[in-house]
Structures are given as structure tokens and as C-alpha cells.
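**Q** After the C-alpha cells below, expect a handful of questions from me.
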Amino acid sequence: MRLNGVEIGSVPAELHGMRLLDYLRAERGLTGAKEGCGMGECGSCTVVVDGAAVTSCLVLVGQVLDAEIRTVEGLADAGHEPLQRAFVARQAVQCGYCIPGVLNSCAALLDRVPDPDDDQIRTALDGNLCRCTAYNRFYDAVHDAACERRTDEAGPA
Amino acid sequence: MSTTPTLLRPATATDVAGMLRDGRAICGGTDLLVQRRAGAPVASMIDLTAIRDGVPVLEETAAGDLRLSALHALTEITSALGEELGPLREAVAVFASTTIRNRATLGGNLANGSPAADTVPPLLVLDAVIDVVTPDGGTRAVPLADFLLGPGRVQLGEQEWIRTVTIPAAARGGVRPDAGFRKIGGRAAQAISFLSMAWQWRTSEDGRLTDVRLAMGAVAPTVVRLTAVERLLEGTTPGPEQIEAAAAAVDQDIRPIDDLRASAAYRRRCAAGLVREALGALATRPPRDERQHPWT
């Protein structure tokens with residue numbers, strides 16, 4: 001298993017039946033992923049497995065031993081610092097509980113679709129509940145991050 | 001947190017035989033782990049995701065059948081499908097949420113035997129055949145209509161599991177069939193369908209409908225084909241009267257019940273409405289592509 005770009009040694013067999021969410025929090029000390037509902041409904045435990053956003057409460061460790069896993073802690077190192085800065089700039093965070101999951105869903109989208117439209121962002125976030133209802137700010141932040149990346153790629157004027 | 005169950009991960013289909021005697025098969029886990037959390041006793045699980053390496057996401061047989069992996073995530077299946085199997089792609093587009101679609105599988109959705117499973121109406125419309133692996137390592141092909149037995153019951157014996165789902169060439173729809181999927185749920189995302197319907201037919205040059213296929217979910221103990229509606233529409237050019245007759249005929253095909261999600265009466269009204277919508281009698285939205293959602 002690679003976790004945030006680092007190869008993890010072998011995982012003891014007795015942990016294979018553990019939920020990825022519990023493994024990340026209790027065994028790896030990565031507490032960014034949060035447990036909300038524990039049933040895949042709320043998205044606050046969303047992490048990225050082999051490029052796809054998934055709810056880590058419904059994944060078992062033994063299923064992802066050969067996978068590349070990214071949590072919110074590894075987001076900046078994976079080139080998504082602009083996304084995180086855009087969330088701050090747009091004041092898209094209120095209570096913050098959903099944010100690690102929301103960021104991971106948005107980052108997985110941006111990795112796949114560099115310049116998403118509102119529909120694509122909405123679909124990417126259809127598994128992430130935000131009780132503070134900052135959704136429109138999430139959309140703005142994703143557009144900002146996409147725009148910044150475009151500008152960076154174009155190079156200095 | 002509940003006690004950690006054991007998880008075995010067979011690397012090949014051959015290794016699975018025997019393991020399933022003592023445990024539950026798990027693939028995406030998006031339903032089994034929810035059941036477990038709700039108290040269902042699941043002590044030991046056999047993860048089938050490693051076997052994916054030996055099963056293509058999608059392959060076309062020499063006869064032109066399409067064989068879909070039952071073990072890969074729904075999003076992987078629909079990405080591979082391109083323009084094929086419109087009703088299935090539309091159903092996946094409104095299935096739960098992105099995060100669930102990235103894990104959930106056709107095998108799991110079928111094995112659950114839910115009358116409200118969203119991939120089942122399109123698969124029934126497409127005459128899907130379920131390729132079941134038997135304990136001796138053989139395979140038996142079960143037509144989906146025979147596979148579905150009742151709520152939570154399917155024709156899957158002890159230690160059997162689903163490897164692939166085959167769509168016969170004749171059901172693929174050919175060039176641009178009129179086809180689609182609609183669901184009615186409490187909200188756009190993460191909703192278990194109150195009612196769902198898939199349809200597919202061809203329109204001949206003179207406007208007649210041929211090869212008419214419709215299936216409806218959450219209106220009977222299993223997902224059902226709407227045979228009375230199909231018979232009524234086959235070979236006709238539906239005008240207003242024909243459409244109303246079809247919307248009335250759906251009553252013969254369904255046996256809805258009152259449950260926590262909707263009443264039987266509401267389901268009957270919705271069933272008629274969906275038939276009208278499929279036939280274009282209501283101002284409908286244009287067909288959605290995969291990334292769009294019903295509220296747009």
C-alpha cells in the first residue's frame with residue numbers, strides 16, 4: 001500500500017478486516033478523514049484510492065493493500081495546495097467537518113477533469129454532505145483552483 | 001466499533017472455491033458493510049476484488065454479445081461502455097453517489113436481490129444473462145428474469161458467485177435506439193428508488209415502435225418487465241390515445257406495496273407517469289449524459 005506517496009510496509013493480517021477509515025485514524029494517526037454516518041451517505045470520510053474518491057468507511061484495509069491511497073494530509077504534496085488556498089480565500093469552510101472529504105472529492109475531479117463545469121463539480125460532490133451549506137463556495141473554489149492551474153501552465157505573460 | 005472480522009483475499013477464481021463456505025463474498029462492500037454496521041452478523045468476508053485482474057471490464061464476444069465484469073466498480077464499467085447500453089449508463093449516472101459508484105459493482109447489486117436495485121431494470125430490459133461460478137469451478141448462465149426470485153432472494157446457491165453479466169447481441173439496441181432510465185427518489189443523490197424504469201425500443205422509418213422493452217423497479221417482489229405495456233406498444237405509432245392506454249396498462253404489470261418509502265397508490269400514479277414520460281407525452285428534459293444530474 002502506498003499512503004500519501006509513501007510505501008507502507010506489510011499490514012498485519014489481523015488488520016485486513018478493519019475499515020480503511022479506522023486504520024488511517026487509529027493505526028496511521030491520520031485523523032483528517034472523519035466518521036460521520038459510517039454508511040457511505042455523508043462523505044466526511046472520503047479519501048482517494050487509485051485516483052477515485054471513495055468513502056473509507058466502506059472500504060476494508062485488506063482490499064486496498066496494492067492501492068495508492070491519498071488522504072487530505074497528502075493533498076498539498078500531490079499538487080492541490082491551490083485548491084486548499086482557494087477554499088480559504090472563498091471562505092468555503094464553516095464548521096469544517098466535511099471539508100477533508102469535500103477536498104478529496106474535488107481533488108479527484110481536478111485530477112481527472114482539469115477544468116470542470118458546475119455540473120461536473122456537483123456530480124463529484126453528490127456524496128458529500130455539508131450542513132453549513134457552503135456548496136456554492138465549493139464550486140467557486142474549484143473554479144479558482146482550475147483557473148490558477150491553467151494560468152500556471154501558460155507561464156508568465 | 002465492532003470487532004474486526006477476518007478478510008480473505010483470493011488471488012484467482014480457483015482460490016475462491018472452498019473459501020465461501022465460511023464467509024460472505026464482498027466486492028465493493030457498499031451494501032454489506034452497511035448491513036454489518038446495522039447489526040447483520042458478518043464474521044468472515046471473502047474479498048473478490050483481487051480476481052478483477054483476470055476479468056476484463058468489458059469484452060465483446062465473437063457473437064457480438066457484450067460481457068461486463070461483475071467485479072469492477074460501476075464507474076469503470078460505464079467508462080468502458082462508450083455509447084453502448086444507454087439504459088444502464090443512465091441508471092449508473094443516478095446510482096447513489098460518485099463515491100459509491102466508484103466502489104459498487106454489478107455483482108453486488110444483483111446478488112442483493114433488492115427490488116429497488118437501480119442497475120436491474122436496465123439489465124432486465126437488455127435481456128442480461130448472469131454468469132454464475134459454481135463451487136466446482138464451472139459456470140452456469142442464468143437469464144436475469146430467472147435469477148430474481150423475490151426481495152433479497154436470487155438464484156445463487158451456496159458458495160456461488162457472479163463473475164460477469166452478458167448482454168446478448170440482439171438486445172444491444174443497434175444504432176441509436178430510443179432508450180433511457182428514470183428514477184423517482186427522495187432526492188437526487190443517495191436515494192433508494194421509490195420507483196424506477198428502464199426502456200428501449202427502435203423506431204422504424206414510418207414511426208412504428210419495434211422491439212419494445214420496458215422494466216420497472218420497486219413495484220413488485222422483483223424488478224419486472226412490463227409485458228402488458230410492451231405488447232400494447234409493439235408495432236404501433238403511439239399517439240395520445242395509445243400513450244394513455246399504455247399508461248393504464250402498466251397497472252396489470254405491477255404489484256406495488258406500501259412501505260417506508262412510498263405508498264402503493266403513489267407508486268401506481270408514478271408508474272403511469274413514467275410510461276407517459278418515456279413515450280414523450282410530457283415535456284421532458286433532454287436525455288442526460290453521465291455527468292449530468294436530474295436537477296439541471
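Going through the C-alpha cells in order, the chains are called A, B, and so on, while each chain numbers its residues from 1 and the ligands are numbered from 1 in the order shown.
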Fewer than 6 positions away in the same chain doesn't count, so skip those; otherwise give me all residues within 8 Å of region 68-83 of chain A, counting only C-alpha atoms, as a PyMOL selection string.
**A** chain A and resi 1-5+30+32-33+47-51+100-101+103-104+107+141-142+144-145+148-149
**Q** Provide as a VMD selection string the residues of chain A at most 8 Å from chain B, counting only C-alpha atoms.
**A** chain A and resid 14 to 18 38 to 41 43 46 52 to 55 58 to 59 62 to 63 119 to 120 123 to 127
**Q** Write out as an MDAnalysis selection string the set of residues from region 57-285 of chain B that DSSP, computed on the backbone, places in strand (DSSP E).
**A** chainID B and resid 58:60 66:69 129:133 139:143 148:150 153:154 161:167 178:184 195:203 209:217 224:225
**Q** Might you pull out every residue within 12 Å of Ser204 (chain B), with only C-alpha atoms counted and same-chain residues fewer than 2 positions away left off, and present them as a PyMOL selection string?
**A** chain B and resi 175-178+201-202+206-212+234-237
**Q** Write down as a PyMOL selection string the residues of region 28-136 of chain A whose backbone DSSP state falls under alpha helix (DSSP H).
**A** chain A and resi 81-89+99-112+118-124+135-136
**Q** Let's have the selection written as an mmCIF file, in the first residue's frame, with N, CA and C atoms.
**A**
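This is the output file again-v2.cif:
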data_model
loop_
_atom_site.group_PDB
_atom_site.id
_atom_site.type_symbol
_atom_site.label_atom_id
_atom_site.label_comp_id
_atom_site.auth_asym_id
_atom_site.auth_seq_id
_atom_site.Cartn_x
_atom_site.Cartn_y
_atom_site.Cartn_z
ATOM 1 N N GLU A 81 -2.334 22.227 -3.387
ATOM 2 C CA GLU A 81 -2.307 23.372 -2.480
ATOM 3 C C GLU A 81 -3.178 24.519 -3.000
ATOM 4 N N PRO A 82 -3.183 24.781 -4.326
ATOM 5 C CA PRO A 82 -4.056 25.851 -4.823
ATOM 6 C C PRO A 82 -5.527 25.623 -4.463
ATOM 7 N N LEU A 83 -5.958 24.385 -4.468
ATOM 8 C CA LEU A 83 -7.345 24.073 -4.108
ATOM 9 C C LEU A 83 -7.594 24.430 -2.649
ATOM 10 N N GLN A 84 -6.652 24.056 -1.803
ATOM 11 C CA GLN A 84 -6.831 24.355 -0.381
ATOM 12 C C GLN A 84 -6.817 25.868 -0.138
ATOM 13 N N ARG A 85 -5.911 26.576 -0.827
ATOM 14 C CA ARG A 85 -5.870 28.032 -0.664
ATOM 15 C C ARG A 85 -7.165 28.667 -1.168
ATOM 16 N N ALA A 86 -7.718 28.126 -2.257
ATOM 17 C CA ALA A 86 -8.959 28.665 -2.809
ATOM 18 C C ALA A 86 -10.123 28.473 -1.831
ATOM 19 N N PHE A 87 -10.126 27.358 -1.126
ATOM 20 C CA PHE A 87 -11.174 27.132 -0.117
ATOM 21 C C PHE A 87 -11.086 28.197 0.978
ATOM 22 N N VAL A 88 -9.862 28.547 1.362
ATOM 23 C CA VAL A 88 -9.692 29.584 2.390
ATOM 24 C C VAL A 88 -10.121 30.936 1.828
ATOM 25 N N ALA A 89 -9.623 31.242 0.627
ATOM 26 C CA ALA A 89 -9.907 32.558 0.044
ATOM 27 C C ALA A 89 -11.404 32.764 -0.177
ATOM 28 N N ILE A 99 -14.990 19.064 5.318
ATOM 29 C CA ILE A 99 -14.014 19.618 4.372
ATOM 30 C C ILE A 99 -12.960 18.614 3.891
ATOM 31 N N PRO A 100 -12.371 17.790 4.767
ATOM 32 C CA PRO A 100 -11.389 16.838 4.217
ATOM 33 C C PRO A 100 -11.991 15.965 3.120
ATOM 34 N N GLY A 101 -13.220 15.528 3.327
ATOM 35 C CA GLY A 101 -13.886 14.707 2.317
ATOM 36 C C GLY A 101 -14.199 15.506 1.061
ATOM 37 N N VAL A 102 -14.684 16.720 1.261
ATOM 38 C CA VAL A 102 -15.020 17.573 0.119
ATOM 39 C C VAL A 102 -13.765 17.857 -0.710
ATOM 40 N N LEU A 103 -12.657 18.182 -0.018
ATOM 41 C CA LEU A 103 -11.405 18.468 -0.737
ATOM 42 C C LEU A 103 -10.953 17.258 -1.545
ATOM 43 N N ASN A 104 -11.066 16.078 -0.954
ATOM 44 C CA ASN A 104 -10.643 14.878 -1.681
ATOM 45 C C ASN A 104 -11.510 14.619 -2.903
ATOM 46 N N SER A 105 -12.822 14.823 -2.772
ATOM 47 C CA SER A 105 -13.705 14.651 -3.935
ATOM 48 C C SER A 105 -13.353 15.654 -5.026
ATOM 49 N N CYS A 106 -13.105 16.909 -4.626
ATOM 50 C CA CYS A 106 -12.771 17.954 -5.609
ATOM 51 C C CYS A 106 -11.414 17.671 -6.251
ATOM 52 N N ALA A 107 -10.438 17.222 -5.440
ATOM 53 C CA ALA A 107 -9.098 16.948 -5.971
ATOM 54 C C ALA A 107 -9.133 15.799 -6.967
ATOM 55 N N ALA A 108 -9.916 14.760 -6.639
ATOM 56 C CA ALA A 108 -10.026 13.619 -7.565
ATOM 57 C C ALA A 108 -10.649 14.074 -8.877
ATOM 58 N N LEU A 109 -11.618 14.989 -8.795
ATOM 59 C CA LEU A 109 -12.227 15.528 -10.007
ATOM 60 C C LEU A 109 -11.202 16.304 -10.824
ATOM 61 N N LEU A 110 -10.449 17.202 -10.153
ATOM 62 C CA LEU A 110 -9.481 18.039 -10.869
ATOM 63 C C LEU A 110 -8.376 17.206 -11.512
ATOM 64 N N ASP A 111 -8.026 16.082 -10.889
ATOM 65 C CA ASP A 111 -7.014 15.206 -11.486
ATOM 66 C C ASP A 111 -7.526 14.578 -12.782
ATOM 67 N N ARG A 112 -8.833 14.396 -12.844
ATOM 68 C CA ARG A 112 -9.448 13.734 -13.988
ATOM 69 C C ARG A 112 -9.903 14.756 -15.034
ATOM 70 N N ASP A 118 -19.828 23.451 -13.611
ATOM 71 C CA ASP A 118 -20.599 23.313 -12.370
ATOM 72 C C ASP A 118 -21.250 21.935 -12.247
ATOM 73 N N ASP A 119 -21.761 21.414 -13.364
ATOM 74 C CA ASP A 119 -22.396 20.091 -13.329
ATOM 75 C C ASP A 119 -21.428 19.024 -12.866
ATOM 76 N N GLN A 120 -20.236 19.088 -13.401
ATOM 77 C CA GLN A 120 -19.237 18.074 -13.044
ATOM 78 C C GLN A 120 -18.834 18.197 -11.572
ATOM 79 N N ILE A 121 -18.751 19.427 -11.091
ATOM 80 C CA ILE A 121 -18.396 19.611 -9.669
ATOM 81 C C ILE A 121 -19.538 19.086 -8.792
ATOM 82 N N ARG A 122 -20.768 19.414 -9.178
ATOM 83 C CA ARG A 122 -21.940 18.945 -8.426
ATOM 84 C C ARG A 122 -21.962 17.420 -8.351
ATOM 85 N N THR A 123 -21.728 16.794 -9.508
ATOM 86 C CA THR A 123 -21.741 15.327 -9.530
ATOM 87 C C THR A 123 -20.617 14.766 -8.663
ATOM 88 N N ALA A 124 -19.441 15.378 -8.748
ATOM 89 C CA ALA A 124 -18.312 14.894 -7.938
ATOM 90 C C ALA A 124 -18.618 15.010 -6.452
ATOM 91 N N TYR A 135 -21.983 24.907 -0.440
ATOM 92 C CA TYR A 135 -21.736 24.284 -1.745
ATOM 93 C C TYR A 135 -21.331 25.278 -2.831
ATOM 94 N N ASN A 136 -22.058 26.401 -2.916
ATOM 95 C CA ASN A 136 -21.723 27.340 -3.991
ATOM 96 C C ASN A 136 -20.309 27.863 -3.843
#
**Q** Calculate how many Å separate CA of Pro115 (chain B) from CA of Ile184 (chain B), rounding to one decimal.
**A**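 These two atoms are separated by 13.9 Å.
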**Q** State, in Å with one decimal place, the distance from CA of Pro238 (chain B) to CA of Ile257 (chain B).
**A**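 About the pair CA of Pro238 (chain B) and CA of Ile257 (chain B): they are 29.7 Å apart.
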